[in-house]
file upload08.cif (mmCIF, C-alpha atoms)
data_work
#
loop_
_atom_site.label_atom_id
_atom_site.label_comp_id
_atom_site.auth_asym_id
_atom_site.auth_seq_id
_atom_site.Cartn_x
_atom_site.Cartn_y
_atom_site.Cartn_z
CA MET A 182 -27.44 -26.64 84.23
CA LYS A 183 -26.10 -23.93 81.95
CA PRO A 184 -22.69 -22.68 83.10
CA PRO A 185 -22.36 -19.01 84.07
CA ALA A 186 -20.49 -16.57 81.87
CA LYS A 187 -16.76 -16.42 82.41
CA PRO A 188 -15.52 -13.24 84.13
CA ALA A 189 -13.15 -10.90 82.34
CA SER A 190 -9.67 -12.35 81.95
CA GLN A 191 -6.92 -10.89 84.09
CA PHE A 192 -3.18 -11.50 83.88
CA LEU A 193 -0.35 -11.17 86.37
CA GLN A 194 3.30 -11.17 85.35
CA LEU A 195 5.49 -13.05 87.83
CA PRO A 196 8.98 -11.48 87.78
CA HIS A 197 10.74 -14.22 89.76
CA ASN A 198 9.24 -17.19 87.90
CA LYS A 199 9.27 -15.21 84.65
CA MET A 200 5.83 -16.19 83.48
CA ARG A 201 2.35 -14.77 83.07
CA ILE A 202 -0.57 -16.20 85.02
CA HIS A 203 -4.13 -15.90 83.77
CA TYR A 204 -6.83 -15.67 86.43
CA SER A 205 -10.46 -14.83 87.12
CA GLU A 206 -11.71 -12.98 90.17
CA LEU A 207 -15.16 -12.46 91.69
CA GLY A 208 -16.40 -10.82 94.88
CA SER A 209 -15.16 -7.87 96.89
CA ALA A 210 -11.43 -7.18 96.99
CA THR A 211 -11.75 -6.59 100.74
CA ALA A 212 -13.46 -9.93 101.48
CA SER A 213 -11.73 -13.04 102.82
CA PRO A 214 -9.76 -14.52 99.90
CA VAL A 215 -10.18 -18.09 98.64
CA ILE A 216 -7.77 -19.36 95.97
CA PHE A 217 -9.06 -22.20 93.78
CA LEU A 218 -6.48 -24.51 92.14
CA GLN A 219 -7.59 -26.75 89.31
CA GLY A 220 -6.63 -30.29 88.40
CA SER A 221 -4.40 -31.52 85.62
CA GLY A 222 -5.46 -32.95 82.26
CA PRO A 223 -5.68 -32.03 78.58
CA GLY A 224 -7.34 -28.63 78.21
CA ALA A 225 -7.77 -28.09 81.95
CA SER A 226 -8.24 -24.58 83.34
CA GLY A 227 -9.23 -22.98 86.59
CA TRP A 228 -12.52 -21.55 85.38
CA LEU A 229 -13.67 -24.81 83.77
CA ASN A 230 -13.04 -26.60 87.08
CA PHE A 231 -14.84 -24.09 89.30
CA ARG A 232 -17.40 -22.24 87.20
CA TYR A 233 -20.30 -23.85 89.10
CA ASN A 234 -18.85 -22.76 92.44
CA ALA A 235 -17.26 -19.35 92.00
CA GLN A 236 -20.38 -17.16 92.03
CA TYR A 237 -21.85 -18.93 95.08
CA PHE A 238 -18.71 -18.28 97.11
CA ALA A 239 -18.68 -14.63 95.98
CA ASP A 240 -22.36 -14.22 96.84
CA GLN A 241 -21.61 -15.60 100.31
CA GLY A 242 -19.07 -12.86 100.93
CA PHE A 243 -15.74 -14.34 99.82
CA ARG A 244 -13.14 -13.01 97.42
CA VAL A 245 -12.83 -15.73 94.78
CA ILE A 246 -9.52 -15.98 92.93
CA ILE A 247 -9.12 -18.68 90.25
CA PRO A 248 -5.72 -18.83 88.53
CA ASP A 249 -4.74 -21.17 85.73
CA LEU A 250 -1.77 -23.17 86.99
CA PRO A 251 1.34 -22.92 84.80
CA GLY A 252 1.04 -25.22 81.81
CA PHE A 253 -2.76 -25.00 81.83
CA GLY A 254 -5.57 -22.73 80.73
CA ASP A 255 -4.37 -19.41 79.36
CA SER A 256 -1.34 -19.12 81.63
CA ASP A 257 2.14 -19.47 80.16
CA LYS A 258 3.28 -23.00 79.39
CA PRO A 259 7.08 -23.11 79.77
CA ASP A 260 9.28 -26.03 78.81
CA LEU A 261 10.61 -27.20 82.18
CA ASP A 262 10.16 -29.73 84.97
CA TYR A 263 6.72 -29.34 86.52
CA THR A 264 7.62 -30.27 90.08
CA LEU A 265 5.52 -29.73 93.18
CA ASP A 266 8.01 -27.12 94.38
CA TYR A 267 7.66 -25.28 91.07
CA PHE A 268 3.85 -25.15 91.29
CA VAL A 269 4.02 -24.06 94.95
CA GLY A 270 6.53 -21.33 94.08
CA VAL A 271 4.35 -19.98 91.29
CA VAL A 272 1.19 -19.89 93.41
CA THR A 273 3.07 -18.32 96.31
CA GLU A 274 4.45 -15.56 94.11
CA PHE A 275 1.00 -15.06 92.61
CA ALA A 276 -0.48 -14.62 96.11
CA ASP A 277 2.36 -12.28 97.08
CA LEU A 278 1.73 -10.01 94.09
CA LEU A 279 -1.96 -9.85 94.97
CA ASP A 280 -0.89 -8.89 98.50
CA LEU A 281 -2.73 -11.82 100.07
CA GLY A 282 -1.51 -12.29 103.62
CA GLN A 283 -3.77 -15.19 104.58
CA PHE A 284 -6.18 -17.18 102.43
CA ALA A 285 -8.11 -20.41 102.14
CA LEU A 286 -7.20 -22.95 99.46
CA VAL A 287 -9.53 -25.12 97.38
CA GLY A 288 -7.74 -27.77 95.33
CA ASN A 289 -8.91 -30.53 92.99
CA SER A 290 -6.57 -33.39 91.99
CA LEU A 291 -3.24 -31.78 91.04
CA GLY A 292 -4.54 -28.58 92.62
CA GLY A 293 -5.09 -30.53 95.82
CA ALA A 294 -1.48 -31.68 95.86
CA VAL A 295 -0.31 -28.11 95.21
CA SER A 296 -2.58 -26.88 98.02
CA LEU A 297 -1.02 -29.40 100.40
CA GLY A 298 2.47 -28.42 99.29
CA LEU A 299 1.75 -24.72 99.74
CA THR A 300 0.21 -25.31 103.18
CA LEU A 301 3.34 -27.18 104.26
CA ALA A 302 5.61 -24.46 102.85
CA GLN A 303 3.57 -21.50 104.15
CA PRO A 304 1.60 -22.82 107.16
CA GLN A 305 1.05 -19.36 108.62
CA ARG A 306 -0.81 -18.19 105.51
CA VAL A 307 -3.37 -20.95 104.85
CA THR A 308 -6.46 -20.67 107.06
CA HIS A 309 -8.53 -23.55 105.62
CA LEU A 310 -7.84 -26.37 103.19
CA ILE A 311 -10.54 -27.87 100.94
CA LEU A 312 -9.53 -30.87 98.82
CA MET A 313 -11.44 -32.87 96.19
CA GLY A 314 -10.04 -36.11 94.75
CA CYS A 315 -6.69 -34.90 96.01
CA GLY A 316 -3.41 -35.86 94.34
CA GLY A 317 -0.09 -36.35 96.08
CA LEU A 318 -1.34 -39.09 98.42
CA GLU A 319 0.12 -42.05 96.51
CA ASP A 320 3.42 -42.76 94.81
CA GLN A 321 3.23 -41.42 91.27
CA ILE A 322 3.54 -44.90 89.77
CA THR A 323 0.27 -45.89 91.48
CA TYR A 324 -1.68 -43.24 89.61
CA PHE A 325 -0.20 -44.21 86.25
CA GLN A 326 -0.42 -47.98 86.64
CA LYS A 327 -3.70 -48.44 88.54
CA MET A 328 -6.01 -45.55 87.64
CA PRO A 329 -7.82 -46.01 84.29
CA GLY A 330 -8.54 -42.31 83.91
CA ILE A 331 -4.89 -41.32 84.04
CA GLN A 332 -3.95 -44.22 81.77
CA ALA A 333 -6.44 -42.99 79.16
CA MET A 334 -5.36 -39.36 79.59
CA THR A 335 -1.72 -40.19 78.86
CA LYS A 336 -2.22 -42.94 76.27
CA VAL A 337 -2.33 -40.55 73.30
CA PRO A 338 0.34 -37.81 73.48
CA LEU A 339 -0.53 -34.15 73.09
CA GLY A 340 0.00 -32.99 69.53
CA SER A 341 -0.82 -36.39 68.08
CA PRO A 342 -3.43 -36.37 65.28
CA ASP A 343 -5.16 -39.14 67.24
CA PHE A 344 -5.91 -36.72 70.09
CA THR A 345 -9.15 -35.54 68.53
CA PRO A 346 -12.14 -33.87 70.19
CA ALA A 347 -13.83 -37.28 70.12
CA TYR A 348 -10.95 -38.86 72.04
CA LEU A 349 -10.91 -35.95 74.47
CA LYS A 350 -14.59 -36.63 75.14
CA GLN A 351 -13.83 -40.29 75.89
CA VAL A 352 -11.17 -39.26 78.41
CA LEU A 353 -13.34 -36.66 80.12
CA GLN A 354 -16.26 -39.06 80.45
CA LEU A 355 -14.02 -41.12 82.75
CA ILE A 356 -13.81 -38.15 85.12
CA VAL A 357 -17.51 -38.17 85.99
CA HIS A 358 -20.13 -40.65 87.16
CA ASP A 359 -22.81 -39.05 84.95
CA PRO A 360 -21.64 -38.26 81.38
CA LYS A 361 -24.21 -35.43 81.07
CA HIS A 362 -21.57 -33.15 82.58
CA ILE A 363 -19.31 -33.60 79.53
CA THR A 364 -21.01 -31.15 77.20
CA ASP A 365 -20.07 -30.15 73.67
CA GLU A 366 -19.33 -26.66 75.00
CA LEU A 367 -16.86 -28.12 77.52
CA ILE A 368 -15.15 -30.21 74.83
CA THR A 369 -14.79 -27.19 72.54
CA GLU A 370 -13.16 -25.02 75.21
CA ARG A 371 -10.87 -27.76 76.53
CA PHE A 372 -9.77 -28.70 73.02
CA ARG A 373 -8.90 -25.03 72.37
CA ILE A 374 -6.65 -25.03 75.43
CA LEU A 375 -5.26 -28.50 74.69
CA GLN A 376 -3.90 -27.25 71.36
CA THR A 377 -1.74 -24.69 73.19
CA GLN A 378 -0.35 -27.04 75.84
CA ASN A 379 3.30 -27.98 76.15
CA PRO A 380 3.66 -31.80 76.41
CA ALA A 381 6.23 -31.18 79.17
CA VAL A 382 3.39 -30.46 81.61
CA PHE A 383 2.56 -34.17 81.52
CA LYS A 384 5.88 -35.78 80.56
CA ARG A 385 7.93 -33.82 83.10
CA MET A 386 5.45 -33.52 85.97
CA VAL A 387 6.72 -34.99 89.24
CA ILE A 388 4.44 -34.89 92.28
CA PRO A 389 5.72 -36.80 95.34
CA ASN A 390 3.69 -38.73 97.88
CA ILE A 391 3.02 -36.18 100.66
CA THR A 392 1.32 -38.61 103.07
CA ALA A 393 4.19 -38.72 105.56
CA ARG A 394 3.97 -34.95 106.07
CA LEU A 395 0.20 -34.63 106.55
CA GLY A 396 0.64 -34.63 110.32
CA GLU A 397 2.35 -31.23 110.03
CA ILE A 398 -0.82 -29.56 108.71
CA ARG A 399 -2.45 -27.57 111.48
CA CYS A 400 -5.26 -25.78 109.63
CA PRO A 401 -8.67 -27.50 109.35
CA VAL A 402 -9.14 -29.73 106.31
CA LEU A 403 -12.37 -30.56 104.47
CA GLY A 404 -12.16 -33.31 101.87
CA PHE A 405 -14.55 -34.63 99.22
CA TRP A 406 -14.23 -37.90 97.31
CA GLY A 407 -16.36 -39.75 94.77
CA ALA A 408 -16.65 -43.54 94.96
CA GLN A 409 -16.28 -43.73 91.16
CA ASP A 410 -13.10 -41.65 91.04
CA ARG A 411 -10.96 -43.18 88.27
CA PHE A 412 -8.08 -40.73 88.68
CA CYS A 413 -7.30 -40.64 92.40
CA PRO A 414 -8.19 -43.72 94.48
CA ILE A 415 -10.80 -43.24 97.19
CA SER A 416 -8.29 -44.64 99.68
CA GLY A 417 -6.99 -41.06 99.73
CA ALA A 418 -10.06 -40.10 101.77
CA GLU A 419 -8.95 -42.41 104.57
CA THR A 420 -5.39 -41.14 104.24
CA LEU A 421 -6.55 -37.58 104.90
CA VAL A 422 -8.63 -38.32 107.99
CA THR A 423 -6.03 -40.74 109.36
CA HIS A 424 -3.02 -38.46 109.01
CA CYS A 425 -4.28 -34.87 109.21
CA PRO A 426 -4.82 -33.67 112.80
CA ASP A 427 -8.07 -31.79 111.98
CA ALA A 428 -9.82 -33.30 108.95
CA GLN A 429 -13.22 -34.44 107.80
CA VAL A 430 -14.03 -36.07 104.47
CA ILE A 431 -17.37 -36.34 102.70
CA THR A 432 -17.65 -39.35 100.39
CA LEU A 433 -20.34 -39.72 97.75
CA SER A 434 -21.49 -42.95 96.12
CA GLN A 435 -22.67 -41.57 92.75
CA CYS A 436 -19.72 -39.36 91.94
CA GLY A 437 -16.46 -39.42 90.04
CA HIS A 438 -13.46 -37.09 90.19
CA TRP A 439 -15.37 -33.80 89.96
CA VAL A 440 -17.38 -33.48 93.17
CA MET A 441 -17.57 -29.69 92.73
CA ILE A 442 -19.31 -30.16 89.36
CA GLU A 443 -21.36 -33.32 89.84
CA HIS A 444 -22.64 -32.24 93.27
CA ALA A 445 -22.15 -28.48 93.04
CA ASP A 446 -24.94 -27.46 95.43
CA LEU A 447 -23.80 -29.80 98.19
CA PHE A 448 -20.16 -28.86 97.64
CA ASN A 449 -20.84 -25.13 97.71
CA GLN A 450 -22.97 -25.27 100.86
CA ARG A 451 -20.64 -27.51 102.85
CA CYS A 452 -17.56 -25.49 101.87
CA VAL A 453 -19.06 -22.18 102.94
CA GLU A 454 -20.20 -23.71 106.25
CA PHE A 455 -16.66 -25.01 106.75
CA LEU A 456 -15.05 -21.66 105.94
CA ARG A 457 -17.37 -19.99 108.44
CA GLY A 458 -16.35 -22.45 111.12
CA LYS A 459 -19.53 -24.52 111.19
CA LYS A 460 -19.31 -28.30 111.57
CA THR A 461 -20.56 -30.22 108.54
CA GLN A 462 -22.47 -33.48 108.82
CA GLY A 463 -20.60 -35.51 106.22
CA GLN A 464 -19.70 -39.14 106.06
CA ALA A 465 -16.13 -39.45 107.29
CA ALA A 466 -14.00 -42.02 105.54
#
call {"tool": "encode", "arguments": {"input": "upload08.cif", "output": "structure tokens"}}
result
Amino acid sequence: MKPPAKPASQFLQLPHNKMRIHYSELGSATASPVIFLQGSGPGASGWLNFRYNAQYFADQGFRVIIPDLPGFGDSDKPDLDYTLDYFVGVVTEFADLLDLGQFALVGNSLGGAVSLGLTLAQPQRVTHLILMGCGGLEDQITYFQKMPGIQAMTKVPLGSPDFTPAYLKQVLQLIVHDPKHITDELITERFRILQTQNPAVFKRMVIPNITARLGEIRCPVLGFWGAQDRFCPISGAETLVTHCPDAQVITLSQCGHWVMIEHADLFNQRCVEFLRGKKTQGQAA
């Protein structure tokens, strides 16, 4: 499937965090807002994570807002500690400047951990939480020692001459079950972004295990997980439904880390049903 054209770039200067956030927006400004937060990785960006989902959500009557997290995409890439509190603070200020009182969150991987952190910090503002291959549900050492995707992603440092487009392709093929999703066009755009990234976003990223606090989340949670996820273990699906008071998780056998790309139609439909308050018929972990 050919990806849709990227919307016009927009930028927002955050005075408190002293950085500029790049974002894309679709849909009516008066519609219910949904903020999409992308995962980590070399060359990652919000639009590349959610380009097969954004227009569907907008067509279904939602305001779609897709920022690039700091250190990724075309947002600023400062040299600092990329902690969960830092990411949450940036996204909160971003939402404040857009005058978003309440909103739903959609988060993949790192974006899932940030979504959880923001929901815990601002529980009155998050109406729904959608998570795919969510981070922050294991101790950080587990991800780096047991997950082959993260091991490959961090094996060759950013800026090294060995981090070529060919190597980037090898890493990204670990993200999916079906390598057809790793197109030459995707490699070209991610390599462009990769060349601008600050190595600190990987070397100095610290995301804690949030499992013990999941019981505090009161908004409804919809999770997705692929059985072939090589970045975040599928045990996280059970963690969500065991610890969150109102959660359901859809697991898919022929899927890796990118449910929203590998199974875009299913993902889009189930998410919109969830946001409208309809019960989905997924397989709960």
call {"tool": "residues_around", "arguments": {"input": "upload08.cif", "residues": "Thr364 of chain A", "least_positions_apart": "2", "cutoff": "12 Å", "atoms": "only C-alpha atoms", "output": "PyMOL selection string"}}
result
chain A and resi 182-184+229+346-347+349-351+353-354+357+359-362+366-371
call {"tool": "closest_residue", "arguments": {"input": "upload08.cif", "among": "A:Asp280, A:Asp320, A:Asp266, A:Glu419", "to": "Ile391 of chain A", "atoms": "all atoms listed in the file"}}
result
A:Asp320
call {"tool": "atom_distance", "arguments": {"input": "upload08.cif", "atom1": "atom CA of Ile356 of chain A", "atom2": "atom CA of Ala189 of chain A"}}
result
27.4 Å
call {"tool": "atom_distance", "arguments": {"input": "upload08.cif", "atom1": "atom CA of Ser190 of chain A", "atom2": "atom CA of Pro248 of chain A"}}
result
10.0 Å
call {"tool": "closest_residue", "arguments": {"input": "upload08.cif", "among": "A:Gln409, A:Gln435, A:Asn449, A:Gln378", "to": "Lys258 of chain A", "atoms": "all atoms listed in the file"}}
result
A:Gln378
call {"tool": "resolve_selection", "arguments": {"input": "upload08.cif", "expression": "the PyMOL selection byres ((chain A and resi 276) around 12)", "output": "compact mmCIF listing (two decimals) with C-alpha atoms, keeping the file's coordinate frame"}}
result
# COMPACT_ATOMS: atom_id res chain seq x y z
CA LEU A 193 -0.35 -11.17 86.37
CA GLN A 194 3.30 -11.17 85.35
CA LEU A 195 5.49 -13.05 87.83
CA ILE A 202 -0.57 -16.20 85.02
CA TYR A 204 -6.83 -15.67 86.43
CA PRO A 214 -9.76 -14.52 99.90
CA VAL A 215 -10.18 -18.09 98.64
CA ILE A 216 -7.77 -19.36 95.97
CA PHE A 217 -9.06 -22.20 93.78
CA ILE A 246 -9.52 -15.98 92.93
CA ILE A 247 -9.12 -18.68 90.25
CA PRO A 248 -5.72 -18.83 88.53
CA VAL A 269 4.02 -24.06 94.95
CA GLY A 270 6.53 -21.33 94.08
CA VAL A 271 4.35 -19.98 91.29
CA VAL A 272 1.19 -19.89 93.41
CA THR A 273 3.07 -18.32 96.31
CA GLU A 274 4.45 -15.56 94.11
CA PHE A 275 1.00 -15.06 92.61
CA ASP A 277 2.36 -12.28 97.08
CA LEU A 278 1.73 -10.01 94.09
CA LEU A 279 -1.96 -9.85 94.97
CA ASP A 280 -0.89 -8.89 98.50
CA LEU A 281 -2.73 -11.82 100.07
CA GLY A 282 -1.51 -12.29 103.62
CA GLN A 283 -3.77 -15.19 104.58
CA PHE A 284 -6.18 -17.18 102.43
CA ALA A 285 -8.11 -20.41 102.14
CA LEU A 286 -7.20 -22.95 99.46
CA LEU A 299 1.75 -24.72 99.74
CA GLN A 303 3.57 -21.50 104.15
CA ARG A 306 -0.81 -18.19 105.51
CA VAL A 307 -3.37 -20.95 104.85
call {"tool": "closest_residue", "arguments": {"input": "upload08.cif", "among": "A:Ile388, A:Leu297, A:Ala210, A:Val337", "to": "His309 of chain A", "atoms": "only C-alpha atoms"}}
result
A:Leu297
call {"tool": "residues_around", "arguments": {"input": "upload08.cif", "residues": "Lys336 of chain A", "least_positions_apart": "4", "cutoff": "12 Å", "atoms": "only C-alpha atoms", "output": "VMD selection string"}}
result
chain A and resid 223 325 to 326 329 to 332 341 343 to 344 348 to 349 351 to 352 383 to 384
call {"tool": "write_last_selection", "arguments": {"input": "upload08.cif", "atoms": "C-alpha atoms", "output": "PDB file, in the coordinates of the input"}}
result
ATOM      1  CA  PRO A 223      -5.680 -32.030  78.580  1.00  0.00           C
ATOM      2  CA  PHE A 325      -0.200 -44.210  86.250  1.00  0.00           C
ATOM      3  CA  GLN A 326      -0.420 -47.980  86.640  1.00  0.00           C
ATOM      4  CA  PRO A 329      -7.820 -46.010  84.290  1.00  0.00           C
ATOM      5  CA  GLY A 330      -8.540 -42.310  83.910  1.00  0.00           C
ATOM      6  CA  ILE A 331      -4.890 -41.320  84.040  1.00  0.00           C
ATOM      7  CA  GLN A 332      -3.950 -44.220  81.770  1.00  0.00           C
ATOM      8  CA  SER A 341      -0.820 -36.390  68.080  1.00  0.00           C
ATOM      9  CA  ASP A 343      -5.160 -39.140  67.240  1.00  0.00           C
ATOM     10  CA  PHE A 344      -5.910 -36.720  70.090  1.00  0.00           C
ATOM     11  CA  TYR A 348     -10.950 -38.860  72.040  1.00  0.00           C
ATOM     12  CA  LEU A 349     -10.910 -35.950  74.470  1.00  0.00           C
ATOM     13  CA  GLN A 351     -13.830 -40.290  75.890  1.00  0.00           C
ATOM     14  CA  VAL A 352     -11.170 -39.260  78.410  1.00  0.00           C
ATOM     15  CA  PHE A 383       2.560 -34.170  81.520  1.00  0.00           C
ATOM     16  CA  LYS A 384       5.880 -35.780  80.560  1.00  0.00           C
TER      17      LYS A 384
END
call {"tool": "atom_distance", "arguments": {"input": "upload08.cif", "atom1": "atom CA of Thr345 of chain A", "atom2": "atom CA of Thr323 of chain A"}}
result
26.9 Å
call {"tool": "closest_residue", "arguments": {"input": "upload08.cif", "among": "A:Met200, A:Val245, A:Ile311, A:Ala186", "to": "Asp257 of chain A", "atoms": "only C-alpha atoms"}}
result
A:Met200
call {"tool": "residues_around", "arguments": {"input": "upload08.cif", "residues": "Glu397 of chain A", "least_positions_apart": "5", "cutoff": "9 Å", "atoms": "only C-alpha atoms", "output": "PDB file with C-alpha atoms, in the frame of the given file"}}
result
ATOM      1  CA  LEU A 301       3.340 -27.180 104.260  1.00  0.00           C
ATOM      2  CA  PRO A 304       1.600 -22.820 107.160  1.00  0.00           C
ATOM      3  CA  CYS A 425      -4.280 -34.870 109.210  1.00  0.00           C
ATOM      4  CA  PRO A 426      -4.820 -33.670 112.800  1.00  0.00           C
TER       5      PRO A 426
END
